[in-house]
>>> print(open('upload39.cif').read())   # mmCIF, C-alpha atoms and all ligand atoms
data_start
#
loop_
_atom_site.label_atom_id
_atom_site.label_comp_id
_atom_site.auth_asym_id
_atom_site.auth_seq_id
_atom_site.Cartn_x
_atom_site.Cartn_y
_atom_site.Cartn_z
CA MET S 7 91.08 92.44 91.53
CA ILE S 8 93.41 92.63 94.52
CA LYS S 9 97.02 93.47 93.66
CA ILE S 10 100.05 92.28 95.62
CA SER S 11 103.18 94.39 96.03
CA PRO S 12 105.86 92.32 97.80
CA SER S 13 108.37 94.38 99.75
CA ILE S 14 111.97 93.61 98.83
CA LEU S 15 112.96 94.85 102.29
CA SER S 16 112.52 91.18 103.24
CA ALA S 17 114.61 89.93 100.29
CA ASP S 18 118.28 88.90 100.43
CA PHE S 19 120.08 92.09 99.33
CA ALA S 20 123.02 90.01 98.08
CA ASN S 21 120.60 88.21 95.74
CA LEU S 22 118.14 90.92 94.77
CA GLN S 23 117.77 89.85 91.15
CA ARG S 24 116.99 86.27 92.19
CA ASP S 25 114.55 87.45 94.87
CA ILE S 26 112.77 89.79 92.44
CA GLU S 27 112.40 86.92 89.96
CA ARG S 28 110.83 84.90 92.77
CA ILE S 29 107.93 87.38 92.99
CA SER S 30 107.10 87.45 89.27
CA ALA S 31 103.54 86.32 90.09
CA ALA S 32 102.96 89.63 91.89
CA ASP S 33 101.63 92.91 90.48
CA TYR S 34 104.21 95.42 91.72
CA VAL S 35 107.63 95.38 93.38
CA HIS S 36 107.51 97.45 96.60
CA VAL S 37 110.78 99.29 97.26
CA ASP S 38 111.20 100.77 100.76
CA VAL S 39 113.52 103.77 100.75
CA MET S 40 114.57 104.97 104.23
CA ASP S 41 116.96 107.79 105.08
CA GLY S 42 117.68 107.35 108.79
CA LEU S 43 116.02 110.71 109.46
CA PHE S 44 112.32 110.43 108.62
CA VAL S 45 112.49 106.88 110.02
CA PRO S 46 115.13 105.32 112.30
CA ASN S 47 116.56 102.99 109.64
CA ILE S 48 118.53 103.25 106.40
CA THR S 49 117.82 100.95 103.45
CA ILE S 50 118.35 101.53 99.75
CA GLY S 51 118.32 104.45 97.35
CA ILE S 52 118.51 105.67 93.77
CA PRO S 53 121.41 103.45 92.50
CA VAL S 54 119.64 100.30 93.69
CA VAL S 55 116.39 101.30 91.97
CA LYS S 56 118.41 101.83 88.79
CA SER S 57 120.08 98.43 89.12
CA ILE S 58 116.90 96.46 89.71
CA ARG S 59 114.92 98.26 86.97
CA PRO S 60 116.09 95.93 84.14
CA THR S 61 115.56 92.77 86.22
CA THR S 62 111.74 92.86 86.12
CA GLU S 63 108.83 93.94 83.95
CA LEU S 64 106.70 94.61 87.03
CA PRO S 65 106.11 98.26 87.96
CA LEU S 66 108.36 99.51 90.75
CA ASP S 67 106.24 100.85 93.63
CA VAL S 68 108.70 103.11 95.44
CA HIS S 69 107.73 104.08 99.02
CA LEU S 70 109.82 107.06 100.10
CA MET S 71 110.32 107.25 103.86
CA ILE S 72 112.63 110.22 103.57
CA ASP S 73 112.65 113.80 104.79
CA ARG S 74 111.61 116.40 102.17
CA PRO S 75 111.18 113.94 99.26
CA VAL S 76 110.72 116.83 96.79
CA ARG S 77 114.55 116.92 96.66
CA TYR S 78 114.78 113.41 95.18
CA VAL S 79 111.53 112.36 93.48
CA GLY S 80 112.80 113.35 90.03
CA GLU S 81 115.88 111.17 90.42
CA PHE S 82 113.82 108.19 91.59
CA CYS S 83 111.62 108.59 88.49
CA ASP S 84 114.67 108.78 86.22
CA ALA S 85 116.09 105.66 87.90
CA GLY S 86 113.00 103.69 86.86
CA ALA S 87 110.34 104.08 89.55
CA ASP S 88 106.81 103.73 88.13
CA ILE S 89 104.83 104.75 91.23
CA VAL S 90 106.38 107.09 93.80
CA THR S 91 104.68 107.65 97.15
CA CYS S 92 105.60 110.41 99.61
CA HIS S 93 104.62 110.69 103.27
CA VAL S 94 102.33 113.65 104.04
CA GLU S 95 104.33 114.08 107.28
CA SER S 96 107.66 114.47 105.49
CA ASP S 97 107.38 118.12 104.37
CA THR S 98 105.07 121.14 104.10
CA GLU S 99 101.83 120.74 102.17
CA GLU S 100 103.20 123.05 99.48
CA ASN S 101 106.33 120.94 98.99
CA ILE S 102 104.34 117.68 98.86
CA HIS S 103 102.20 119.22 96.08
CA GLU S 104 105.42 120.13 94.29
CA ALA S 105 106.80 116.58 94.69
CA LEU S 106 103.59 115.14 93.18
CA ARG S 107 103.83 117.64 90.31
CA ILE S 108 107.42 116.60 89.54
CA ILE S 109 106.49 112.89 89.56
CA HIS S 110 103.68 113.56 87.07
CA GLU S 111 105.94 115.72 84.92
CA LYS S 112 108.23 112.67 84.67
CA GLY S 113 105.25 110.64 83.40
CA LYS S 114 104.98 108.49 86.53
CA LYS S 115 102.23 107.76 89.04
CA ALA S 116 102.24 109.66 92.32
CA GLY S 117 100.87 108.84 95.74
CA VAL S 118 100.73 109.97 99.35
CA VAL S 119 101.27 107.89 102.49
CA VAL S 120 99.94 108.32 106.04
CA LYS S 121 101.62 107.02 109.20
CA PRO S 122 99.46 105.33 111.86
CA LYS S 123 98.99 108.47 113.98
CA THR S 124 98.05 110.64 110.98
CA PRO S 125 94.29 111.05 110.42
CA ALA S 126 92.51 110.07 107.22
CA SER S 127 91.69 113.73 106.53
CA ALA S 128 95.40 114.44 105.94
CA VAL S 129 95.07 112.95 102.43
CA LEU S 130 92.30 115.38 101.41
CA PRO S 131 94.55 118.23 100.15
CA PHE S 132 96.14 115.75 97.72
CA ILE S 133 93.31 113.40 96.77
CA ASN S 134 92.71 114.86 93.33
CA GLU S 135 96.44 114.74 92.48
CA VAL S 136 97.26 111.11 93.25
CA GLU S 137 96.94 107.69 91.65
CA MET S 138 97.60 105.92 94.95
CA ILE S 139 97.03 106.43 98.68
CA LEU S 140 99.02 104.23 101.07
CA VAL S 141 97.88 103.64 104.65
CA MET S 142 100.57 102.34 107.01
CA THR S 143 99.44 99.47 109.23
CA VAL S 144 102.73 99.57 111.21
CA GLU S 145 105.01 102.46 112.21
CA PRO S 146 107.29 102.83 109.16
CA GLY S 147 110.92 101.80 109.56
CA PHE S 148 111.13 98.03 109.77
CA GLY S 149 109.68 94.88 108.23
CA GLY S 150 108.20 92.08 110.30
CA GLN S 151 106.12 94.17 112.73
CA LYS S 152 102.67 93.38 114.07
CA PHE S 153 99.67 94.47 111.98
CA MET S 154 97.64 97.33 113.54
CA ALA S 155 94.04 96.24 113.04
CA ASP S 156 92.91 99.55 114.55
CA MET S 157 93.92 101.22 111.26
CA MET S 158 90.96 99.60 109.48
CA PRO S 159 88.48 102.46 110.18
CA LYS S 160 91.01 104.81 108.54
CA VAL S 161 91.25 102.54 105.48
CA GLN S 162 87.42 102.52 105.31
CA GLN S 163 87.27 106.32 105.59
CA ILE S 164 89.84 106.80 102.83
CA ARG S 165 87.95 104.28 100.66
CA ARG S 166 84.88 106.52 101.06
CA TYR S 167 86.90 109.60 100.10
CA ILE S 168 88.31 107.81 97.03
CA ASP S 169 84.92 106.55 95.87
CA ALA S 170 83.46 110.05 96.20
CA MET S 171 86.34 112.11 94.85
CA ASN S 172 88.81 110.07 92.78
CA PRO S 173 87.44 106.58 92.06
CA GLY S 174 90.42 105.54 89.92
CA CYS S 175 92.86 106.02 92.80
CA GLU S 176 94.41 102.86 94.27
CA LEU S 177 94.28 102.22 98.03
CA GLU S 178 97.31 100.38 99.38
CA VAL S 179 98.10 99.06 102.86
CA ASP S 180 101.60 98.32 104.17
CA GLY S 181 102.84 96.54 107.29
CA GLY S 182 102.11 93.20 108.89
CA VAL S 183 99.95 91.96 106.01
CA ASP S 184 99.75 88.15 105.98
CA PRO S 185 97.08 85.55 105.11
CA ASN S 186 95.28 86.30 108.42
CA THR S 187 95.25 90.10 108.14
CA ALA S 188 94.86 90.49 104.35
CA PRO S 189 91.07 89.80 104.45
CA LEU S 190 90.60 92.67 106.95
CA CYS S 191 92.36 95.05 104.56
CA ILE S 192 90.37 93.83 101.56
CA HIS S 193 87.06 94.11 103.44
CA SER S 194 88.02 97.64 104.49
CA GLY S 195 88.46 98.66 100.86
CA ALA S 196 92.18 98.28 100.10
CA ASN S 197 92.98 97.03 96.59
CA VAL S 198 96.81 96.81 96.84
CA LEU S 199 98.49 94.85 99.62
CA VAL S 200 102.18 95.23 100.46
CA ALA S 201 103.71 92.17 102.11
CA GLY S 202 107.37 91.63 102.96
CA SER S 203 107.94 88.84 105.44
CA ALA S 204 104.68 87.04 104.60
CA VAL S 205 105.89 86.63 101.00
CA TYR S 206 109.61 86.03 101.46
CA LYS S 207 109.26 83.62 104.39
CA ALA S 208 106.80 81.44 102.47
CA ALA S 209 108.02 78.06 101.23
CA ASP S 210 105.98 78.51 98.03
CA ILE S 211 106.07 82.20 97.10
CA PRO S 212 103.68 82.11 94.07
CA ALA S 213 101.13 80.19 96.19
CA ARG S 214 101.47 82.72 99.01
CA ILE S 215 100.94 85.63 96.60
CA GLN S 216 97.79 83.91 95.35
CA GLU S 217 96.62 83.25 98.91
CA LEU S 218 97.01 86.95 99.82
CA ARG S 219 94.73 87.97 96.94
CA GLY S 220 91.92 86.26 98.89
C1 LIG R 1 107.83 99.34 106.73
C2 LIG R 1 107.82 99.15 105.24
C3 LIG R 1 107.09 97.96 104.80
C4 LIG R 1 107.67 96.65 105.27
C5 LIG R 1 106.58 95.62 105.26
O1 LIG R 1 108.36 100.59 107.03
O2 LIG R 1 107.22 100.27 104.62
O3 LIG R 1 106.94 97.95 103.39
O4 LIG R 1 108.72 96.20 104.48
O5 LIG R 1 107.09 94.45 105.82
P1 LIG R 1 106.16 93.36 106.50
O6 LIG R 1 105.19 92.91 105.46
O7 LIG R 1 107.12 92.30 106.91
O8 LIG R 1 105.48 94.04 107.64
ZN ZN R 2 106.67 100.17 102.44
#
>>> encode(input="upload39.cif", output="structure tokens", more="lines below")
Ligand code: DX5
Ligand code: ZN
Amino acid sequence: MIKISPSILSADFANLQRDIERISAADYVHVDVMDGLFVPNITIGIPVVKSIRPTTELPLDVHLMIDRPVRYVGEFCDAGADIVTCHVESDTEENIHEALRIIHEKGKKAGVVVKPKTPASAVLPFINEVEMILVMTVEPGFGGQKFMADMMPKVQQIRRYIDAMNPGCELEVDGGVDPNTAPLCIHSGANVLVAGSAVYKAADIPARIQELRG
């Protein structure tokens, strides 16, 4: 079963509750947290996660694009995040292990994320400690960018790692996913698709979510 995690980065921030209700047919709510340092954009943080928590029963899939996330993962969990993913590029290996440990201590699911230029092998030190691996199919920082089809061999490689080492782990892709590119991701082994503009620009959002499942 393919899961869809619409990114609220493409929602109307003045109407977040309404726009989260509009994606109730999805599986997760993808929350893009950016700090203006790890990526060249600033979005939303802990108070917004806390405010949207009571507006939906869907799990909050919080993608941290922040420098040294170990400083904040506990607070994101306390604010209501259900899945917290940290970029492998955002700190030392030791501190990423510590961030994953804190997330688990809070009773939440933990994941690691790789940017386009980061090789598949970068997930290996963490593969037995995560419930999710996220492969970026755009450079993180902005919604509405073009899908990088050349990331598909990396998705396939990480699918092989997961099947061999941690078969329960979810494999998510993020960036430029739409009805044309979703089948490439699914055929490459992804089971969770993030989609921002493709969901929020659709005239019929529940139908678009269904279409993305393939
Ligand atoms: C990019 C974010 C994505 C983005 C996806 O840095 O991590 O989640 O919102 O948006 P689309 O689907 O429009 O590429
Ligand atoms: Zn994201």
>>> closest_atom_pairs(input="upload39.cif", of="chain S", to="ligand ZN 2 (chain R)", cutoff="9 Å", atoms="all atoms listed in the file", output="tab-separated table")
residue	atom	partner	partner_atom	distance
S:Ser13	CA	R:ZN2	ZN	6.6
S:Leu15	CA	R:ZN2	ZN	8.2
S:His36	CA	R:ZN2	ZN	6.5
S:Val37	CA	R:ZN2	ZN	6.7
S:Asp38	CA	R:ZN2	ZN	4.9
S:Val39	CA	R:ZN2	ZN	7.9
S:Asp67	CA	R:ZN2	ZN	8.8
S:Val68	CA	R:ZN2	ZN	7.9
S:His69	CA	R:ZN2	ZN	5.3
S:Leu70	CA	R:ZN2	ZN	7.9
S:Met71	CA	R:ZN2	ZN	8.1
S:Leu140	CA	R:ZN2	ZN	8.8
S:Met142	CA	R:ZN2	ZN	7.9
S:Pro146	CA	R:ZN2	ZN	7.3
S:Gly147	CA	R:ZN2	ZN	8.5
S:Phe148	CA	R:ZN2	ZN	8.8
S:Gly149	CA	R:ZN2	ZN	8.4
S:Val179	CA	R:ZN2	ZN	8.7
S:Asp180	CA	R:ZN2	ZN	5.7
S:Gly181	CA	R:ZN2	ZN	7.2
S:Val200	CA	R:ZN2	ZN	7.0
S:Ala201	CA	R:ZN2	ZN	8.5
S:Gly202	CA	R:ZN2	ZN	8.6
>>> atom_distance(input="upload39.cif", atom1="atom CA of S:Ser96", atom2="atom CA of S:Gly182")
22.2 Å
>>> residues_around(input="upload39.cif", residues="S:Glu27", least_positions_apart="4", cutoff="9 Å", atoms="all atoms listed in the file", output="PyMOL selection string")
chain S and resi 22-23+31+61-62
>>> residues_around(input="upload39.cif", residues="S:Leu43", least_positions_apart="5", cutoff="9 Å", atoms="only C-alpha atoms", output="PyMOL selection string")
chain S and resi 48+71-73
>>> residues_around(input="upload39.cif", residues="S:Ala196", least_positions_apart="4", cutoff="12 Å", atoms="only C-alpha atoms", output="MDAnalysis selection string")
chainID S and resid 7:10 138:143 157:166 168:169 175:180 183 187:192 200 219
>>> closest_residue(input="upload39.cif", among="S:Ser194, S:Asn21, S:Asn101, S:Thr91", to="ligand LIG 1 (chain R)", atoms="only C-alpha atoms and all ligand atoms")
S:Thr91
>>> closest_residue(input="upload39.cif", among="S:Lys123, S:Lys112, S:His93, S:Arg24", to="ligand LIG 1 (chain R)", atoms="only C-alpha atoms and all ligand atoms")
S:His93
>>> atom_distance(input="upload39.cif", atom1="atom CA of S:Gly113", atom2="atom CA of S:Leu66")
13.7 Å
>>> atom_distance(input="upload39.cif", atom1="atom CA of S:Ala20", atom2="atom CA of S:Tyr78")
25.0 Å
>>> closest_residue(input="upload39.cif", among="S:Ala209, S:Val94, S:Val198, S:Pro12", to="ligand LIG 1 (chain R)", atoms="only C-alpha atoms and all ligand atoms")
S:Pro12
>>> closest_residue(input="upload39.cif", among="S:Pro131, S:Pro125, S:Pro65, S:Pro46", to="ligand LIG 1 (chain R)", atoms="all atoms listed in the file")
S:Pro46
>>> residues_around(input="upload39.cif", residues="S:Pro75", least_positions_apart="6", cutoff="8 Å", atoms="only C-alpha atoms", output="PDB file with C-alpha atoms, in the coordinates of the input")
ATOM      1  CA  CYS S  92     105.600 110.410  99.610  1.00  0.00           C
ATOM      2  CA  SER S  96     107.660 114.470 105.490  1.00  0.00           C
ATOM      3  CA  ASP S  97     107.380 118.120 104.370  1.00  0.00           C
ATOM      4  CA  ILE S 102     104.340 117.680  98.860  1.00  0.00           C
ATOM      5  CA  ALA S 105     106.800 116.580  94.690  1.00  0.00           C
TER       6      ALA S 105
END
>>> closest_residue(input="upload39.cif", among="S:Ala204, S:Ile109, S:Met171, S:Val90", to="ligand LIG 1 (chain R)", atoms="only C-alpha atoms and all ligand atoms")
S:Ala204
>>> closest_residue(input="upload39.cif", among="S:Ile108, S:Leu130, S:Leu199, S:Ile58", to="S:Tyr34", atoms="only C-alpha atoms")
S:Leu199
